[in-house]
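The next block is my_file-v9.txt, given as compact mmCIF, C-alpha atoms.
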```txt
# COMPACT_ATOMS: atom_id res chain seq x y z
CA MET V 1150 0.00 0.00 0.00
CA SER V 1151 2.84 2.37 0.86
CA ILE V 1152 4.54 1.76 -2.48
CA LEU V 1153 1.28 2.41 -4.31
CA ALA V 1154 0.75 5.63 -2.35
CA LEU V 1155 4.28 6.79 -3.17
CA ALA V 1156 3.79 6.01 -6.86
CA MET V 1157 0.53 7.98 -6.94
CA THR V 1158 2.16 10.92 -5.16
CA ALA V 1159 5.00 10.93 -7.68
CA ALA V 1160 2.55 10.81 -10.60
CA ALA V 1161 0.36 13.71 -9.39
CA PRO V 1162 2.63 16.55 -10.68
CA ASN V 1163 2.84 14.88 -14.10
CA LEU V 1164 -0.94 14.62 -14.27
CA ARG V 1165 -1.33 18.32 -13.38
CA GLN V 1166 1.27 19.26 -15.98
CA GLN V 1167 -0.48 17.13 -18.63
CA LYS V 1168 -3.84 18.75 -17.80
CA GLN V 1169 -2.25 22.21 -18.07
CA ARG V 1170 -0.66 21.27 -21.41
CA GLN V 1171 -4.05 20.16 -22.75
CA LEU V 1172 -5.63 23.46 -21.63
CA GLU V 1173 -2.83 25.40 -23.32
CA GLU V 1174 -3.21 23.43 -26.55
CA ASP V 1175 -6.96 24.14 -26.41
CA ALA V 1176 -6.26 27.85 -25.83
CA ILE V 1177 -3.92 27.99 -28.83
CA GLU V 1178 -6.50 26.25 -31.02
CA ARG V 1179 -9.26 28.61 -29.90
CA GLY V 1180 -7.03 31.68 -30.15
CA GLU V 1181 -6.02 30.81 -33.68
CA GLU V 1182 -9.68 30.35 -34.57
CA VAL V 1183 -10.40 33.84 -33.22
CA ALA V 1184 -7.48 35.17 -35.30
CA GLU V 1185 -8.93 33.55 -38.42
CA ALA V 1186 -12.36 35.03 -37.61
CA ILE V 1187 -10.75 38.49 -37.33
CA ARG V 1188 -9.14 37.99 -40.75
CA LEU V 1189 -12.46 36.92 -42.31
CA TYR V 1190 -14.26 39.85 -40.67
CA ILE V 1191 -11.71 42.33 -42.03
CA ARG V 1192 -11.97 40.83 -45.53
CA ALA V 1193 -15.78 41.05 -45.44
CA LYS V 1194 -16.25 44.41 -43.70
CA ASN V 1195 -13.01 46.23 -44.60
CA ALA V 1196 -12.70 47.24 -40.94
CA LEU V 1197 -11.47 45.81 -37.65
CA PRO V 1198 -14.04 44.16 -35.38
CA THR V 1199 -14.94 46.03 -32.20
CA SER V 1200 -16.19 43.11 -30.09
CA ILE V 1201 -16.15 39.34 -29.93
CA SER V 1202 -19.92 39.39 -30.40
CA GLN V 1203 -19.43 40.83 -33.90
CA LEU V 1204 -17.32 37.80 -34.75
CA LEU V 1205 -19.98 35.50 -33.31
CA GLU V 1206 -22.71 37.20 -35.38
CA GLY V 1207 -20.86 36.42 -38.60
CA VAL V 1208 -20.58 38.34 -41.84
CA PRO V 1209 -23.14 38.87 -44.59
CA VAL V 1210 -22.71 36.88 -47.76
CA GLY V 1211 -25.53 37.70 -50.14
CA THR V 1212 -28.78 37.46 -48.20
CA LYS V 1213 -27.35 35.22 -45.47
CA LYS V 1214 -24.90 35.58 -42.62
CA VAL V 1215 -21.97 33.20 -42.51
CA GLN V 1216 -20.68 32.16 -39.11
CA ILE V 1217 -16.97 32.94 -38.77
CA LEU V 1218 -16.44 32.12 -35.08
CA ARG V 1219 -17.87 29.21 -33.15
CA PRO V 1220 -19.08 30.02 -29.61
CA TRP V 1221 -16.66 27.60 -27.94
CA ALA V 1222 -13.70 29.50 -29.44
CA ALA V 1223 -14.98 32.79 -28.05
CA ARG V 1224 -14.08 31.54 -24.55
CA ASP V 1225 -10.55 31.52 -23.13
CA PRO V 1226 -10.02 28.15 -21.40
CA LEU V 1227 -7.09 29.45 -19.34
CA SER V 1228 -8.79 32.35 -17.58
CA GLU V 1229 -11.36 32.15 -14.82
CA SER V 1230 -13.68 34.62 -16.53
CA GLY V 1231 -13.42 32.88 -19.90
CA GLU V 1232 -13.02 36.26 -21.62
CA TRP V 1233 -10.22 37.00 -24.04
CA ARG V 1234 -8.40 40.30 -23.60
CA LEU V 1235 -8.76 42.33 -26.80
CA ILE V 1236 -5.54 43.61 -28.34
CA LYS V 1237 -5.88 46.99 -30.01
CA PRO V 1238 -3.65 47.88 -32.99
CA THR V 1239 -1.72 50.37 -30.83
CA ASP V 1240 -1.41 48.06 -27.80
CA ALA V 1241 2.16 47.52 -26.60
CA ALA V 1242 1.40 43.78 -26.46
CA ILE V 1243 1.18 43.57 -30.27
CA VAL V 1244 4.60 45.21 -30.69
CA GLU V 1245 6.13 42.90 -28.07
CA PHE V 1246 4.54 39.90 -29.78
CA GLN V 1247 5.82 41.03 -33.19
CA ARG V 1248 9.30 41.32 -31.72
CA SER V 1249 9.03 37.81 -30.23
CA VAL V 1250 7.89 36.35 -33.55
CA MET V 1251 10.84 38.02 -35.30
CA LEU V 1252 13.24 36.55 -32.73
CA TYR V 1253 11.60 33.15 -33.18
CA ALA V 1254 12.07 33.51 -36.96
CA GLY V 1255 15.78 34.18 -36.56
CA GLY V 1256 15.53 37.97 -36.67
CA ARG V 1257 13.76 38.06 -40.03
CA PRO V 1258 10.61 40.17 -40.35
CA VAL V 1259 7.55 37.96 -40.66
CA GLN V 1260 4.99 39.58 -42.91
CA THR V 1261 1.39 38.70 -43.54
CA ARG V 1262 0.50 36.78 -46.66
CA ASP V 1263 -2.90 38.45 -46.85
CA PRO V 1264 -2.86 41.21 -49.51
CA HIS V 1265 -5.61 43.25 -47.80
CA PRO V 1266 -4.40 46.86 -47.31
CA LEU V 1267 -5.26 46.86 -43.61
CA PHE V 1268 -2.86 43.97 -43.02
CA ARG V 1269 -0.16 45.53 -45.19
CA SER V 1270 -0.20 48.64 -42.98
CA PHE V 1271 1.08 46.45 -40.14
CA ASP V 1272 3.94 45.08 -42.26
CA ALA V 1273 5.60 48.50 -42.21
CA ARG V 1274 5.51 48.52 -38.40
CA VAL V 1275 6.99 45.04 -38.21
CA THR V 1276 9.91 45.79 -40.50
CA SER V 1277 10.71 48.97 -38.54
CA LEU V 1278 11.47 46.95 -35.39
CA THR V 1279 15.21 47.14 -35.05
CA ASN V 1280 15.84 46.44 -31.37
CA LEU V 1281 15.35 42.69 -31.12
CA GLY V 1282 16.60 42.45 -27.55
CA SER V 1283 14.51 40.53 -25.09
CA GLN V 1284 11.50 42.51 -24.02
CA SER V 1285 10.14 40.11 -21.46
CA SER V 1286 9.54 41.87 -18.21
CA PRO V 1287 8.00 40.53 -15.08
CA SER V 1288 4.41 41.48 -14.48
CA SER V 1289 3.94 44.39 -12.11
CA SER V 1290 0.91 42.62 -10.70
CA THR V 1291 1.05 39.64 -8.38
CA SER V 1292 -2.34 38.41 -9.56
CA ASP V 1293 -2.56 35.30 -11.72
CA GLU V 1294 -5.26 36.90 -13.86
CA ASP V 1295 -5.77 40.19 -15.71
CA ASP V 1296 -9.03 41.45 -14.29
CA SER V 1297 -9.17 44.74 -16.18
CA SER V 1298 -12.58 45.59 -17.53
CA SER V 1299 -13.42 44.17 -20.91
CA SER V 1300 -13.35 46.93 -23.46
CA THR V 1301 -14.68 47.30 -26.92
CA GLY V 1302 -13.21 49.10 -29.86
CA PRO V 1303 -11.23 48.04 -32.89
CA PHE V 1304 -8.96 45.10 -32.13
CA ILE V 1305 -6.45 43.08 -34.16
CA GLY V 1306 -5.99 40.12 -31.83
CA VAL V 1307 -6.73 38.51 -28.49
CA THR V 1308 -4.70 37.16 -25.60
CA SER V 1309 -5.48 35.21 -22.47
CA ARG V 1310 -6.08 37.01 -19.20
CA SER V 1311 -4.02 34.35 -17.39
CA ARG V 1312 -0.63 35.65 -16.28
CA ARG V 1313 0.79 32.22 -15.43
CA GLU V 1314 3.91 30.64 -16.86
CA ALA V 1315 3.09 28.14 -19.58
CA VAL V 1316 4.03 24.49 -19.71
CA MET V 1317 4.63 24.82 -23.45
CA THR V 1318 5.73 27.74 -25.62
CA TYR V 1319 4.02 29.61 -28.44
CA TYR V 1320 6.49 31.27 -30.83
CA GLY V 1321 9.05 30.73 -28.07
CA ILE V 1322 6.97 32.73 -25.55
CA GLU V 1323 6.66 31.14 -22.14
CA ARG V 1324 4.03 33.33 -20.45
CA ILE V 1325 0.41 32.77 -21.39
CA ASP V 1326 -0.69 36.44 -21.38
CA LYS V 1327 2.07 37.22 -23.90
CA TRP V 1328 0.60 34.86 -26.51
CA VAL V 1329 -1.22 37.11 -28.98
CA PHE V 1330 -3.56 35.46 -31.46
CA THR V 1331 -3.73 37.68 -34.50
CA PRO V 1332 -4.16 37.21 -38.25
CA LEU V 1333 -1.06 39.29 -38.93
CA PHE V 1334 1.26 36.30 -39.21
CA LYS V 1335 -0.99 33.80 -41.01
```
Output the structure of this file as structure tokens.
Amino acid sequence: MSILALAMTAAAPNLRQQKQRQLEEDAIERGEEVAEAIRLYIRAKNALPTSISQLLEGVPVGTKKVQILRPWAARDPLSESGEWRLIKPTDAAIVEFQRSVMLYAGGRPVQTRDPHPLFRSFDARVTSLTNLGSQSSPSSSTSDEDDSSSSTGPFIGVTSRSRREAVMTYYGIERIDKWVFTPLFK
């Protein structure tokens, strides 16, 4: 019995880590689906979305509306509230993420493949990043979750509200709230 208890105690951290990894994989899948919905919204409306609900409503195609975001993807599995934090085009998080993607790509600018003019306007910002030094800074908050009020307004991506360290990395980024899901690099 003692040996069995010891084996179960030793396995518990691995089980927690595996559960966390599955949640992170789910968050990446959902976040990338939101990024694709943003891209489809921009292509259809020629403007940035201002709320997740706009993505859930879909876009008009002829006399019908086409769903571009499934409801399950509109929820962040890593945060207690389930809400994604919206990333505005001028948010410092998008610049930090762009820098991280460039570092991950060996210092080469990573440009969007989408020819839409709105996406091309971001390419100029990406190529102007010259300081590729590490920008990771510890959070000034001790909270595990960003509890700032949910805002609306034009956004180009989403990120989790969870401020925890990740089990896995996304573009080499180890902190969950630094993962930005945006159509800019698709």
| said: Ranking V:Thr1308, V:Thr1318, V:Thr1301, V:Gln1166 by minimum distance to Gln1203 in chain V and counting all atoms listed in the file, which one comes first? | reply: V:Thr1301
| query | Which of these, V:Gly1231, V:Gly1256, V:Gly1207, V:Gly1306, has the shortest distance to Arg1219 in chain V once you count all atoms listed in the file? | reply | V:Gly1207
| Can you tell me, as a VMD selection string, what residues are no more than 9 Å from His1265 in chain V when counting all atoms listed in the file, ignoring any on the same chain fewer than 4 positions away? | chain V and resid 1191 to 1192 1195 1269
| task | Would you kindly return, as a list in words, each protein, DNA or RNA residue with an atom no farther than 7 Å from any atom of Pro1198 in chain V, considering all atoms listed in the file and excluding same-chain residues fewer than 2 positions away? | result | Ile1187, Tyr1190, Ala1196, Ser1200, Gln1203, Pro1303 and Phe1304 of chain V
Go ahead and dump the residues you just picked, C-alpha atoms, as a CSV table (one decimal), in the frame of the given file.
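Once written, again-v8.csv looks like this:
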```
chain,number,residue,atom,x,y,z
V,1187,ILE,CA,-10.8,38.5,-37.3
V,1190,TYR,CA,-14.3,39.8,-40.7
V,1196,ALA,CA,-12.7,47.2,-40.9
V,1200,SER,CA,-16.2,43.1,-30.1
V,1203,GLN,CA,-19.4,40.8,-33.9
V,1303,PRO,CA,-11.2,48.0,-32.9
V,1304,PHE,CA,-9.0,45.1,-32.1
```
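Here CA of Pro1209 in chain V and CA of Glu1185 in chain V stand 16.4 Å from one another.
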| request: Would you work out the distance separating CA of Leu1204 in chain V from CA of Glu1178 in chain V, expressed in Å to one decimal? | output: 16.3 Å
| said: Report, in Å to a single decimal, how far apart CA of Pro1332 in chain V and CA of Ile1243 in chain V are. | reply: 11.5 Å
| task | Determine, counting all atoms listed in the file, which protein, DNA and RNA residues have an atom within 12 Å of an atom of Gln1171 in chain V; residues of the same chain fewer than 4 positions away are not included. Present the result as a PyMOL selection string. | result | chain V and resi 1164-1167+1175-1178+1226-1227+1315-1317
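Nearest to Arg1179 in chain V of all the residues V:Val1215, V:Ala1223, V:Ile1152, V:Ala1242 is V:Ala1223, based on all atoms listed in the file.
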| message | Can you pull out the residues contacting Gly1302 in chain V? Cut-off 10 Å, using only C-alpha atoms, and skip same-chain residues under 3 positions away; I want them as a PyMOL selection string. | response | chain V and resi 1197-1200+1235-1237
Kindly save the residues from that selection, with C-alpha atoms included, as a short mmCIF file (atom, residue, chain, number, x, y, z; two decimals), in the coordinates of the input.
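The resulting file, result.cif, is shown below:
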```
data_model
loop_
_atom_site.label_atom_id
_atom_site.label_comp_id
_atom_site.auth_asym_id
_atom_site.auth_seq_id
_atom_site.Cartn_x
_atom_site.Cartn_y
_atom_site.Cartn_z
CA LEU V 1197 -11.47 45.81 -37.65
CA PRO V 1198 -14.04 44.16 -35.38
CA THR V 1199 -14.94 46.03 -32.20
CA SER V 1200 -16.19 43.11 -30.09
CA LEU V 1235 -8.76 42.33 -26.80
CA ILE V 1236 -5.54 43.61 -28.34
CA LYS V 1237 -5.88 46.99 -30.01
#
```
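If you measure from each of V:Arg1224, V:Arg1234, V:Lys1213, V:Lys1194 to Lys1327 in chain V using only C-alpha atoms, the closest one turns out to be V:Arg1234.
Closest approach to Leu1189 in chain V among V:Gln1216, V:Ser1311, V:Thr1239, V:Asn1163 is made by V:Gln1216 (distances from only C-alpha atoms).
Every protein, DNA or RNA residue with an atom at most 9 Å from Phe1246 in chain V, where all atoms listed in the file count and chain neighbours fewer than 2 positions away do not, is listed here: Ala1241, Ala1242, Ile1243, Val1244, Arg1248, Ser1249, Val1250, Met1251, Tyr1320, Ile1322, Lys1327, Trp1328 and Val1329 of chain V.
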Could I see range 1310-1331 of chain V restored to N, CA, C and O atoms, set down as a tab-separated table (two decimals), keeping the file's coordinate frame?
```
chain	number	residue	atom	x	y	z
V	1310	ARG	N	-6.21	36.17	-20.39
V	1310	ARG	CA	-6.08	37.01	-19.20
V	1310	ARG	C	-5.20	36.34	-18.14
V	1310	ARG	O	-4.82	36.97	-17.17
V	1311	SER	N	-4.86	35.08	-18.34
V	1311	SER	CA	-4.02	34.35	-17.39
V	1311	SER	C	-2.59	34.85	-17.47
V	1311	SER	O	-2.02	34.95	-18.55
V	1312	ARG	N	-2.01	35.15	-16.33
V	1312	ARG	CA	-0.63	35.65	-16.28
V	1312	ARG	C	0.35	34.56	-15.85
V	1312	ARG	O	1.48	34.85	-15.48
V	1313	ARG	N	-0.06	33.32	-15.89
V	1313	ARG	CA	0.79	32.22	-15.43
V	1313	ARG	C	1.86	31.86	-16.47
V	1313	ARG	O	1.70	32.13	-17.65
V	1314	GLU	N	2.90	31.21	-15.98
V	1314	GLU	CA	3.91	30.64	-16.86
V	1314	GLU	C	3.29	29.44	-17.55
V	1314	GLU	O	2.52	28.70	-16.95
V	1315	ALA	N	3.65	29.24	-18.80
V	1315	ALA	CA	3.09	28.14	-19.58
V	1315	ALA	C	3.95	26.89	-19.43
V	1315	ALA	O	5.13	26.97	-19.13
V	1316	VAL	N	3.32	25.76	-19.66
V	1316	VAL	CA	4.03	24.49	-19.71
V	1316	VAL	C	4.73	24.36	-21.06
V	1316	VAL	O	5.82	23.85	-21.17
V	1317	MET	N	4.08	24.87	-22.10
V	1317	MET	CA	4.63	24.82	-23.45
V	1317	MET	C	4.91	26.25	-23.92
V	1317	MET	O	4.61	27.20	-23.21
V	1318	THR	N	5.49	26.40	-25.09
V	1318	THR	CA	5.73	27.74	-25.62
V	1318	THR	C	4.94	27.94	-26.91
V	1318	THR	O	4.59	26.99	-27.59
V	1319	TYR	N	4.68	29.20	-27.21
V	1319	TYR	CA	4.02	29.61	-28.44
V	1319	TYR	C	4.91	30.67	-29.05
V	1319	TYR	O	5.12	31.72	-28.45
V	1320	TYR	N	5.48	30.40	-30.21
V	1320	TYR	CA	6.49	31.27	-30.83
V	1320	TYR	C	7.63	31.56	-29.85
V	1320	TYR	O	8.17	32.66	-29.81
V	1321	GLY	N	7.97	30.58	-29.03
V	1321	GLY	CA	9.05	30.73	-28.07
V	1321	GLY	C	8.68	31.53	-26.83
V	1321	GLY	O	9.53	31.79	-25.99
V	1322	ILE	N	7.42	31.91	-26.68
V	1322	ILE	CA	6.97	32.73	-25.55
V	1322	ILE	C	6.48	31.80	-24.46
V	1322	ILE	O	5.66	30.92	-24.70
V	1323	GLU	N	6.96	32.04	-23.24
V	1323	GLU	CA	6.66	31.14	-22.14
V	1323	GLU	C	5.56	31.61	-21.20
V	1323	GLU	O	5.14	30.84	-20.34
V	1324	ARG	N	5.11	32.85	-21.33
V	1324	ARG	CA	4.03	33.33	-20.45
V	1324	ARG	C	2.74	33.45	-21.23
V	1324	ARG	O	2.71	34.05	-22.30
V	1325	ILE	N	1.68	32.91	-20.68
V	1325	ILE	CA	0.41	32.77	-21.39
V	1325	ILE	C	-0.16	34.11	-21.84
V	1325	ILE	O	-0.65	34.23	-22.96
V	1326	ASP	N	-0.10	35.15	-21.01
V	1326	ASP	CA	-0.69	36.44	-21.38
V	1326	ASP	C	0.12	37.17	-22.45
V	1326	ASP	O	-0.31	38.21	-22.94
V	1327	LYS	N	1.25	36.63	-22.83
V	1327	LYS	CA	2.07	37.22	-23.90
V	1327	LYS	C	1.79	36.58	-25.25
V	1327	LYS	O	2.30	37.02	-26.27
V	1328	TRP	N	0.99	35.50	-25.26
V	1328	TRP	CA	0.60	34.86	-26.51
V	1328	TRP	C	-0.49	35.69	-27.16
V	1328	TRP	O	-1.60	35.81	-26.64
V	1329	VAL	N	-0.22	36.31	-28.29
V	1329	VAL	CA	-1.22	37.11	-28.98
V	1329	VAL	C	-1.68	36.34	-30.21
V	1329	VAL	O	-0.86	35.91	-31.02
V	1330	PHE	N	-2.98	36.16	-30.31
V	1330	PHE	CA	-3.56	35.46	-31.46
V	1330	PHE	C	-4.11	36.51	-32.41
V	1330	PHE	O	-5.04	37.23	-32.09
V	1331	THR	N	-3.42	36.63	-33.53
V	1331	THR	CA	-3.73	37.68	-34.50
V	1331	THR	C	-3.56	37.14	-35.92
V	1331	THR	O	-2.75	36.24	-36.13
```
